[in-house]
There are 2 protein chains.
Amino acid sequence: SVNPDLASERQTASFSVEKLTAWLDNGAEQTRLRRAVVEAIECDPVFSRENQYFQSQNERYEAAVRKAVHLQKKMHEMGWSEEGPEFKYIYRAVAGDVAFLLHRVFMRSVSMLGSDEQIAKWIPLASQYRLIGSYAQTELGHGTYLQGLETTAVFDVTTQEFILNTPQISAMKWWPGDMGRSATHTVVFAQLYVHGKCYGIHPFIVQIRSLQDHSLCPGIIAGDIGPKMNFEHIDNGYLMLQNVHVPRENMLNKFCEVQPDGTYVRRGSQKINYFTMTSVRISLISGEAVLPLMKACTIAIRYSAVRRQSKLKPGEQEAKILDYQTQQEKLLPQLAAAYAFHFIDDYLQELFDKGYREIQRKNFDTLPELHALSSGFKAMVTQYCTSGVEICLRACGGHGYSLLSGLPSLYTKIIASCIYEGENTILLLQTARFLIKCFMAASTGQPVPPSVTYLAAAKPRNCSAKNKLDFLHPDIYTEAYQHVAVRLISSTAAKLQDLIQSGVKKHDAWNQCTVQLAQAAKAHCHYITVKNFAETVEKIEPKAGIQKIMKHLCDLFALHGIFSNTGVFLHDGYISGAQMDMVTASYLDLLAIIRKDAVPLVDAFDFTDKSLNSALGSYDGQVYQRLYEWAQKSPTNKQISPAYGKYLKPLLHNRLSKL
Amino acid sequence: SVNPDLASERQTASFSVEKLTAWLDNGAEQTRLRRAVVEAIECDPVFSRENQYFQSQNERYEAAVRKAVHLQKKMHEMGWSEEGPEFKYIYRAVAGDVAFLLHRVFMRSVSMLGSDEQIAKWIPLASQYRLIGSYAQTELGHGTYLQGLETTAVFDVTTQEFILNTPQISAMKWWPGDMGRSATHTVVFAQLYVHGKCYGIHPFIVQIRSLQDHSLCPGIIAGDIGPKMNFEHIDNGYLMLQNVHVPRENMLNKFCEVQPDGTYVRRGSQKINYFTMTSVRISLISGEAVLPLMKACTIAIRYSAVRRQSKLKPGEQEAKILDYQTQQEKLLPQLAAAYAFHFIDDYLQELFDKGYREIQRKNFDTLPELHALSSGFKAMVTQYCTSGVEICLRACGGHGYSLLSGLPSLYTKIIASCIYEGENTILLLQTARFLIKCFMAASTGQPVPPSVTYLAAAKPRNCSAKNKLDFLHPDIYTEAYQHVAVRLISSTAAKLQDLIQSGVKKHDAWNQCTVQLAQAAKAHCHYITVKNFAETVEKIEPKAGIQKIMKHLCDLFALHGIFSNTGVFLHDGYISGAQMDMVTASYLDLLAIIRKDAVPLVDAFDFTDKSLNSALGSYDGQVYQRLYEWAQKSPTNKQISPAYGKYLKPLLHNRLSKL
């Protein structure tokens, strides 16, 4: 039975939850498909995550391997394919808790970087799991800066082999998933040397474990890198290569080849590599950042409608914590952000698909813009969602700190997204480099890509809002965001030029501006997000009350951003102190409005209880009962600790059992 | 051998590290004592934390109990007492990784709330561990709001006993440490009923486990609440009471008593309870918030001086990441904050000791101020330090995410400090209530406590700085902070009054102002911190270069706070946009200056490698070697996973071992 406090929240929804869900899914048909996939996975006991919070790293790994192998079978049984429409829902349903994700990257890199013969040899073996692949790029001493990788591959003309080596400890491959305990093969990135000349980083297929007994191959030292903040189920590994010989055919050679006599031949464009990174960064936004934030919001908001604490009015019952302004101010902006980023993901996907069509026609013009957007949004969205999940966790007080709430594992996982696939600060600076370039071009009248044409447009000097209601006009706040983005980009460009003109070397000048450059890149992404949210709202047909509530969320997202960054809006007087008070008033008013629909708004994300895996966040709101039931299953309650016999009994033991 | 990149950082220190350490310790004598205690503990293998990152919750618990029992013995051997000068260093040395902390709270509450007879009975038993105590206040459904606790204790005149009950599931005691598996006794807080009348919350000593065999006593249901984000070594527990009878003498009765006929007698003042909370909040600041931030800074800054990534200047070696402005901007403000909060802790301790002396003379006048300061600073410092530790973790990239870096466990532990001993938002609102009251009093000319007299002083309307160097004058920035605190407090007071005058009920008006009230309370604490830092610097004799570097850190702390909260300073034009550009310029200049001394500044915290327990943060900077050595010890490398035989072999097994 549903907790009456939660039931009452659902009776007053201003819109149809089912219709909102279908709209978020891009149609009721997709919702049906998603639910069918999730149902098929969740009813299969192999995929159960019931004991997850009690398992050791070893147990998590074993379960993840079991799931991966079983998933292969299941997909075959269900007629689901990797290219099918079901695929994205499978990952959602297993909640990422499955092994061999790097095996997929192995396959992708062979497909993209390998010749037709290489593809014909390796892909069928990999797709049937006759081998397990990994992808060994990062080294102990080198991450983002690929040119610095130290692993070497020297071509030996006499044996027609490459000899791979790890010249020193900092050159060990470190972090690759599926490599610590599972993989039999891996793609190794190494500096290619032929006849003493270095040709830079190239990919080689290297077998690391026997297919007969899984023992390490000669010259291979490999293992697991040990415990991490999360991802216990993944065997991130290390790899040291000592004179490992691989045949000439094992260098992936779609774009370049070493011929038998040692002649190095480069062919085709390597720009497509660039595009892979872009594709990965965009693809992780939804699953690794937005979805976890949606889950955290669901858990924290449902719990806040059930949890009562202290009295809001003297003489009354204790109040739901969701009725406190401070609690609303923590949670509701995160909810609005989850919607905002869901829509920015759509925007980026569309841009990416368009770019991909162009690239297939050998037109690479959109690459710089796509690269800049994917880098900046990867950084901005993962950062925002990470801090949003943390806010949700802390807003649940002590119970949020229990693993059983589901929130700690969401947090310890999402924080990794700020680091992997490009560290966020470095990504923001890549976006900033693009913005500065475009700003310079725009100011000399040259054409710039669509997303940055605003840099050239003439701007109003002051915000025209007269009262607090004016700040609910998307034009007003979108323009304010635009103004700030232009100001931060142009002022940093000016500082950069001033430094260079005053004799500071270009690279030093760049370094001295990087704090402000990163800020400018964030402002750009924030502006695009607000603008896109406003445009999305405008396009909604006014059906089932959805447009109205989405408009409120859009306003909240925008005003929260101003309220939390007042300085950049006030700096040049674009928004005055008096206007900022109006922003604050409108912002706080919105909290009280959206609070009424808070529970239906998270219900619309349509997470099953199993996928939330949270004692606090279930649909029925029976939080205390569930915490108690789940706690009893803990291994700490399943055995009498040896500590009693060893340490406590000698102290405590008494003829009398009772004092 | 020390990594040469780290060694070179130490050769250029602008001050004597040893002298700074001694100064931070309040004298070289204290440094010697601290080192002796740490050495004695660290050379004892029982206290080793070497395998900590690999242990399960059960193993951590067992180790913590063993350490607690051994510590008792060790203290006896070494002649250390709980009241001795060594005691604070013991806790630092064991890094909190020990059981029976709640046993101490049990003893403290008996000592403070019990009669002389009760103290004479229970304290000797407890101090010899003839019983193990816990402290059961928080319930599944009630935390901060004590009046809402639901556990009942009904006095039965015929048997002269209290009958304790858990009326429903939300009334279960939940979270008390040492209760899940260890405790034999606990202080239970329950609503006292005599002859059907409720007298509110009172403390009762209840035995929960047998002293003979540790089995649960009749009517007791108790166990462990299961896995948490950290504190695996502590058995936080649950407790359900079903008609549990305790004798009349077990109600702690220093301040009130139920006489045999059921007459309820209250005696003395209960204000002292209030003072206990104050004392706990102040005492946790150093050990639970500032120390972990100092450790995180030590790890991240040493690592950043060793890690090289990408090129700062073309053609040169890859640069130390500490030389990037963005990395400095992440880490150095955290370093400055660690120093700032170390000094604010001194300030609060001094205030507390003074207050305590007054209270012993039955003068309770300082209580409201102490309560407000302890609440506000507990909230502000734990929040700041938590986010500082997170920044340090993320600034170490992928390796920071490994448990072996030591950073994840610092983070997952410190985040709890934002919730326990009063949830931070609630604490800030308590401070705000005090500030509003004082502001009202000050504006009508009534006297106010010393820390808030500034609310009554006349203020300059604008910042007088003319160039970026002016912002390195403590008067300039301290006044700016003061101005902002006054403005936020006064404007929120005005909003509150306006709402009430417009007919909004008092409690509703308060709720509608809470977001701004919390902000005002933070601004007050931030101001006091900056002011105290500046005053501390002023008092330093200009010896061994310490004053100069502390002045830089003080400037950095203050300017970082302005740079990160520009809006509140710009809002009414106190600081203009042009002046804010000067702040930014001075702030960024300071980063480059302090960077030169960054490593010596963390060395001065004087953490041993064992206490850091970090592969990245050791004194010698051999990070890659240590990561590799530690990873090999992981249990994931100690067994062949059953996953191979069960799931992988059937897929992979091949007549050929090699493809």
# chains A, B, ... in the order shown; residues from 1 in each chain; ligands from 1
>>> residues_around(residues="Gln57 (chain A)", least_positions_apart="3", cutoff="12 Å", atoms="only C-alpha atoms", output="PyMOL selection string")
(chain A and resi 52-54+60-64+224-236) or (chain B and resi 53-56+634-637+641)
>>> residues_around(residues="Asp25 (chain A)", least_positions_apart="5", cutoff="12 Å", atoms="only C-alpha atoms", output="list in words")
Glu18, Lys19, Leu20, Gln30, Thr31, Arg32, Leu33, Arg34, Arg35, Lys88, Tyr89, His342, Phe343, Asp346, Ala604, Phe605 and Asp606 of chain A
>>> write_last_selection(atoms="N, CA and C atoms", output="PDB file, in the first residue's frame")
ATOM      1  N   GLU A  18       1.405  10.058 -17.242  1.00  0.00           N
ATOM      2  CA  GLU A  18       1.605   9.115 -18.333  1.00  0.00           C
ATOM      3  C   GLU A  18       1.932   9.845 -19.635  1.00  0.00           C
ATOM      4  N   LYS A  19       1.233  10.967 -19.861  1.00  0.00           N
ATOM      5  CA  LYS A  19       1.495  11.719 -21.097  1.00  0.00           C
ATOM      6  C   LYS A  19       2.873  12.371 -21.070  1.00  0.00           C
ATOM      7  N   LEU A  20       3.273  12.834 -19.887  1.00  0.00           N
ATOM      8  CA  LEU A  20       4.609  13.435 -19.796  1.00  0.00           C
ATOM      9  C   LEU A  20       5.687  12.379 -20.058  1.00  0.00           C
ATOM     10  N   GLN A  30       7.536   4.165 -27.842  1.00  0.00           N
ATOM     11  CA  GLN A  30       8.847   3.994 -27.211  1.00  0.00           C
ATOM     12  C   GLN A  30       8.698   3.623 -25.727  1.00  0.00           C
ATOM     13  N   THR A  31       7.737   4.265 -25.067  1.00  0.00           N
ATOM     14  CA  THR A  31       7.505   3.944 -23.661  1.00  0.00           C
ATOM     15  C   THR A  31       7.164   2.462 -23.514  1.00  0.00           C
ATOM     16  N   ARG A  32       6.295   1.973 -24.383  1.00  0.00           N
ATOM     17  CA  ARG A  32       5.911   0.552 -24.318  1.00  0.00           C
ATOM     18  C   ARG A  32       7.123  -0.353 -24.528  1.00  0.00           C
ATOM     19  N   LEU A  33       7.931  -0.003 -25.516  1.00  0.00           N
ATOM     20  CA  LEU A  33       9.114  -0.803 -25.812  1.00  0.00           C
ATOM     21  C   LEU A  33      10.080  -0.796 -24.622  1.00  0.00           C
ATOM     22  N   ARG A  34      10.321   0.395 -24.091  1.00  0.00           N
ATOM     23  CA  ARG A  34      11.229   0.510 -22.946  1.00  0.00           C
ATOM     24  C   ARG A  34      10.745  -0.339 -21.777  1.00  0.00           C
ATOM     25  N   ARG A  35       9.440  -0.229 -21.502  1.00  0.00           N
ATOM     26  CA  ARG A  35       8.903  -0.993 -20.363  1.00  0.00           C
ATOM     27  C   ARG A  35       9.016  -2.495 -20.592  1.00  0.00           C
ATOM     28  N   LYS A  88      19.303   0.694 -26.280  1.00  0.00           N
ATOM     29  CA  LYS A  88      19.552   1.726 -25.256  1.00  0.00           C
ATOM     30  C   LYS A  88      18.787   1.441 -23.963  1.00  0.00           C
ATOM     31  N   TYR A  89      17.675   0.711 -24.089  1.00  0.00           N
ATOM     32  CA  TYR A  89      16.899   0.398 -22.882  1.00  0.00           C
ATOM     33  C   TYR A  89      17.530  -0.738 -22.085  1.00  0.00           C
ATOM     34  N   HIS A 342      18.120  16.713 -20.135  1.00  0.00           N
ATOM     35  CA  HIS A 342      17.460  15.752 -21.018  1.00  0.00           C
ATOM     36  C   HIS A 342      17.233  16.401 -22.393  1.00  0.00           C
ATOM     37  N   PHE A 343      16.829  17.660 -22.378  1.00  0.00           N
ATOM     38  CA  PHE A 343      16.571  18.345 -23.648  1.00  0.00           C
ATOM     39  C   PHE A 343      17.856  18.715 -24.376  1.00  0.00           C
ATOM     40  N   ASP A 346      18.978  15.797 -26.358  1.00  0.00           N
ATOM     41  CA  ASP A 346      18.286  15.718 -27.650  1.00  0.00           C
ATOM     42  C   ASP A 346      18.938  16.648 -28.674  1.00  0.00           C
ATOM     43  N   ALA A 604       7.200  10.839 -13.504  1.00  0.00           N
ATOM     44  CA  ALA A 604       7.216  10.820 -14.969  1.00  0.00           C
ATOM     45  C   ALA A 604       8.511  10.229 -15.533  1.00  0.00           C
ATOM     46  N   PHE A 605       9.590  10.232 -14.738  1.00  0.00           N
ATOM     47  CA  PHE A 605      10.838   9.615 -15.221  1.00  0.00           C
ATOM     48  C   PHE A 605      10.676   8.101 -15.345  1.00  0.00           C
ATOM     49  N   ASP A 606       9.665   7.578 -14.641  1.00  0.00           N
ATOM     50  CA  ASP A 606       9.237   6.199 -14.853  1.00  0.00           C
ATOM     51  C   ASP A 606      10.298   5.159 -14.498  1.00  0.00           C
TER      52      ASP A 606
END
>>> residues_around(residues="His142 (chain A)", least_positions_apart="4", cutoff="12 Å", atoms="only C-alpha atoms", output="JSON, numbers by chain")
{"A": [136, 137, 138, 146, 147, 148, 149, 150, 151, 169, 170, 171, 172, 173, 174, 175, 189], "B": [307, 308, 309, 310, 318, 321, 397, 398, 399, 624]}
>>> select_by_dssp(residues="region 238-468 of chain A", states="strand (DSSP E or B)", output="list of chain:residue names")
A:Tyr238, A:Leu239, A:Met240, A:Leu241, A:Val244, A:His245, A:Val246, A:Pro247, A:Met251, A:Cys256, A:Glu257, A:Val258, A:Tyr264, A:Val265, A:Arg266, A:Arg308, A:Lys320, A:Ser402
>>> write_last_selection(atoms="N, CA, C and O atoms", output="PDB file, in the first residue's frame")
ATOM      1  N   TYR A 238      46.043  -3.387 -14.877  1.00  0.00           N
ATOM      2  CA  TYR A 238      47.348  -2.870 -15.288  1.00  0.00           C
ATOM      3  C   TYR A 238      47.991  -3.880 -16.221  1.00  0.00           C
ATOM      4  O   TYR A 238      47.631  -5.057 -16.228  1.00  0.00           O
ATOM      5  N   LEU A 239      48.937  -3.393 -17.014  1.00  0.00           N
ATOM      6  CA  LEU A 239      49.575  -4.240 -18.019  1.00  0.00           C
ATOM      7  C   LEU A 239      50.997  -3.752 -18.244  1.00  0.00           C
ATOM      8  O   LEU A 239      51.211  -2.582 -18.570  1.00  0.00           O
ATOM      9  N   MET A 240      51.944  -4.665 -18.072  1.00  0.00           N
ATOM     10  CA  MET A 240      53.340  -4.353 -18.369  1.00  0.00           C
ATOM     11  C   MET A 240      53.781  -5.297 -19.473  1.00  0.00           C
ATOM     12  O   MET A 240      53.486  -6.491 -19.432  1.00  0.00           O
ATOM     13  N   LEU A 241      54.468  -4.744 -20.459  1.00  0.00           N
ATOM     14  CA  LEU A 241      54.885  -5.530 -21.627  1.00  0.00           C
ATOM     15  C   LEU A 241      56.399  -5.660 -21.622  1.00  0.00           C
ATOM     16  O   LEU A 241      57.109  -4.649 -21.571  1.00  0.00           O
ATOM     17  N   VAL A 244      57.282  -8.195 -25.839  1.00  0.00           N
ATOM     18  CA  VAL A 244      56.158  -8.967 -26.364  1.00  0.00           C
ATOM     19  C   VAL A 244      56.140  -8.842 -27.890  1.00  0.00           C
ATOM     20  O   VAL A 244      56.104  -7.736 -28.425  1.00  0.00           O
ATOM     21  N   HIS A 245      56.171  -9.975 -28.560  1.00  0.00           N
ATOM     22  CA  HIS A 245      56.206  -9.977 -30.026  1.00  0.00           C
ATOM     23  C   HIS A 245      54.792 -10.121 -30.585  1.00  0.00           C
ATOM     24  O   HIS A 245      54.074 -11.024 -30.178  1.00  0.00           O
ATOM     25  N   VAL A 246      54.423  -9.235 -31.507  1.00  0.00           N
ATOM     26  CA  VAL A 246      53.147  -9.446 -32.207  1.00  0.00           C
ATOM     27  C   VAL A 246      53.430  -9.358 -33.704  1.00  0.00           C
ATOM     28  O   VAL A 246      54.283  -8.584 -34.151  1.00  0.00           O
ATOM     29  N   PRO A 247      52.685 -10.154 -34.482  1.00  0.00           N
ATOM     30  CA  PRO A 247      52.936 -10.166 -35.926  1.00  0.00           C
ATOM     31  C   PRO A 247      52.569  -8.828 -36.585  1.00  0.00           C
ATOM     32  O   PRO A 247      51.758  -8.077 -36.059  1.00  0.00           O
ATOM     33  N   MET A 251      49.025  -4.699 -36.253  1.00  0.00           N
ATOM     34  CA  MET A 251      48.841  -3.249 -36.151  1.00  0.00           C
ATOM     35  C   MET A 251      47.570  -2.909 -36.918  1.00  0.00           C
ATOM     36  O   MET A 251      47.408  -3.328 -38.075  1.00  0.00           O
ATOM     37  N   CYS A 256      47.050   3.495 -41.749  1.00  0.00           N
ATOM     38  CA  CYS A 256      48.491   3.517 -41.952  1.00  0.00           C
ATOM     39  C   CYS A 256      49.017   2.106 -41.808  1.00  0.00           C
ATOM     40  O   CYS A 256      48.406   1.273 -41.154  1.00  0.00           O
ATOM     41  N   GLU A 257      50.163   1.866 -42.411  1.00  0.00           N
ATOM     42  CA  GLU A 257      50.661   0.495 -42.451  1.00  0.00           C
ATOM     43  C   GLU A 257      52.179   0.517 -42.462  1.00  0.00           C
ATOM     44  O   GLU A 257      52.796   1.437 -42.988  1.00  0.00           O
ATOM     45  N   VAL A 258      52.779  -0.517 -41.860  1.00  0.00           N
ATOM     46  CA  VAL A 258      54.213  -0.717 -42.009  1.00  0.00           C
ATOM     47  C   VAL A 258      54.374  -1.885 -42.986  1.00  0.00           C
ATOM     48  O   VAL A 258      53.899  -2.992 -42.714  1.00  0.00           O
ATOM     49  N   TYR A 264      56.839   3.030 -44.115  1.00  0.00           N
ATOM     50  CA  TYR A 264      55.634   3.467 -43.400  1.00  0.00           C
ATOM     51  C   TYR A 264      54.715   4.186 -44.362  1.00  0.00           C
ATOM     52  O   TYR A 264      55.130   5.126 -45.053  1.00  0.00           O
ATOM     53  N   VAL A 265      53.483   3.740 -44.442  1.00  0.00           N
ATOM     54  CA  VAL A 265      52.529   4.347 -45.369  1.00  0.00           C
ATOM     55  C   VAL A 265      51.318   4.864 -44.584  1.00  0.00           C
ATOM     56  O   VAL A 265      50.718   4.133 -43.796  1.00  0.00           O
ATOM     57  N   ARG A 266      50.978   6.127 -44.793  1.00  0.00           N
ATOM     58  CA  ARG A 266      49.788   6.686 -44.158  1.00  0.00           C
ATOM     59  C   ARG A 266      48.731   6.875 -45.235  1.00  0.00           C
ATOM     60  O   ARG A 266      49.010   7.328 -46.340  1.00  0.00           O
ATOM     61  N   ARG A 308       8.785  13.441   7.759  1.00  0.00           N
ATOM     62  CA  ARG A 308       8.283  14.601   8.494  1.00  0.00           C
ATOM     63  C   ARG A 308       9.288  14.956   9.580  1.00  0.00           C
ATOM     64  O   ARG A 308       9.838  14.080  10.227  1.00  0.00           O
ATOM     65  N   LYS A 320       6.036  17.807   6.346  1.00  0.00           N
ATOM     66  CA  LYS A 320       6.852  17.126   5.343  1.00  0.00           C
ATOM     67  C   LYS A 320       8.074  18.003   5.071  1.00  0.00           C
ATOM     68  O   LYS A 320       7.928  19.226   4.887  1.00  0.00           O
ATOM     69  N   SER A 402      23.162   6.107   4.169  1.00  0.00           N
ATOM     70  CA  SER A 402      23.130   4.638   4.129  1.00  0.00           C
ATOM     71  C   SER A 402      23.216   4.174   2.676  1.00  0.00           C
ATOM     72  O   SER A 402      22.540   4.728   1.808  1.00  0.00           O
TER      73      SER A 402
END
>>> select_by_dssp(residues="region 214-407 of chain B", states="alpha helix (DSSP H)", output="PyMOL selection string")
chain B and resi 271-284+291-306+325-360+367-395+397-401+407
>>> residues_around(residues="Thr12 (chain A)", least_positions_apart="5", cutoff="10 Å", atoms="only C-alpha atoms", output="list in words")
Ala7, Lys596, Asp597, Val599 and Pro600 of chain A
>>> residues_around(residues="Lys74 (chain B)", least_positions_apart="2", cutoff="12 Å", atoms="only C-alpha atoms", output="ChimeraX atom specification")
/B:37,40-41,44,46-47,66-72,76-81,90
>>> closest_residue(among="B:Ser134, B:Gln317, B:Thr263, B:Gln512", to="chain A", atoms="only C-alpha atoms")
B:Gln512
>>> residues_around(residues="region 523-535 of chain B", least_positions_apart="5", cutoff="9 Å", atoms="only C-alpha atoms", output="count of residues only")
34
>>> atom_distance(atom1="CA of Ile205 (chain B)", atom2="CA of Glu249 (chain B)")
9.0 Å
>>> atom_distance(atom1="CA of Lys658 (chain B)", atom2="CA of Gln207 (chain A)")
7.5 Å
>>> atom_distance(atom1="CA of Lys610 (chain B)", atom2="CA of Ser1 (chain B)")
17.0 Å
>>> closest_residue(among="B:Gly223, B:Gly503, B:Pro292, B:Pro260", to="chain A", atoms="only C-alpha atoms")
B:Gly223
>>> residues_around(residues="Gln383 (chain B)", least_positions_apart="2", cutoff="8 Å", atoms="only C-alpha atoms", output="PyMOL selection string")
chain B and resi 379-381+385-387+415+418+424
>>> closest_residue(among="B:Gln579, B:Gln191, B:Ser405, B:Asn243", to="Ala300 (chain B)", atoms="only C-alpha atoms")
B:Ser405
>>> closest_residue(among="A:Ser409, A:Leu472, A:Arg267, A:Asp5", to="Asp97 (chain A)", atoms="only C-alpha atoms")
A:Ser409
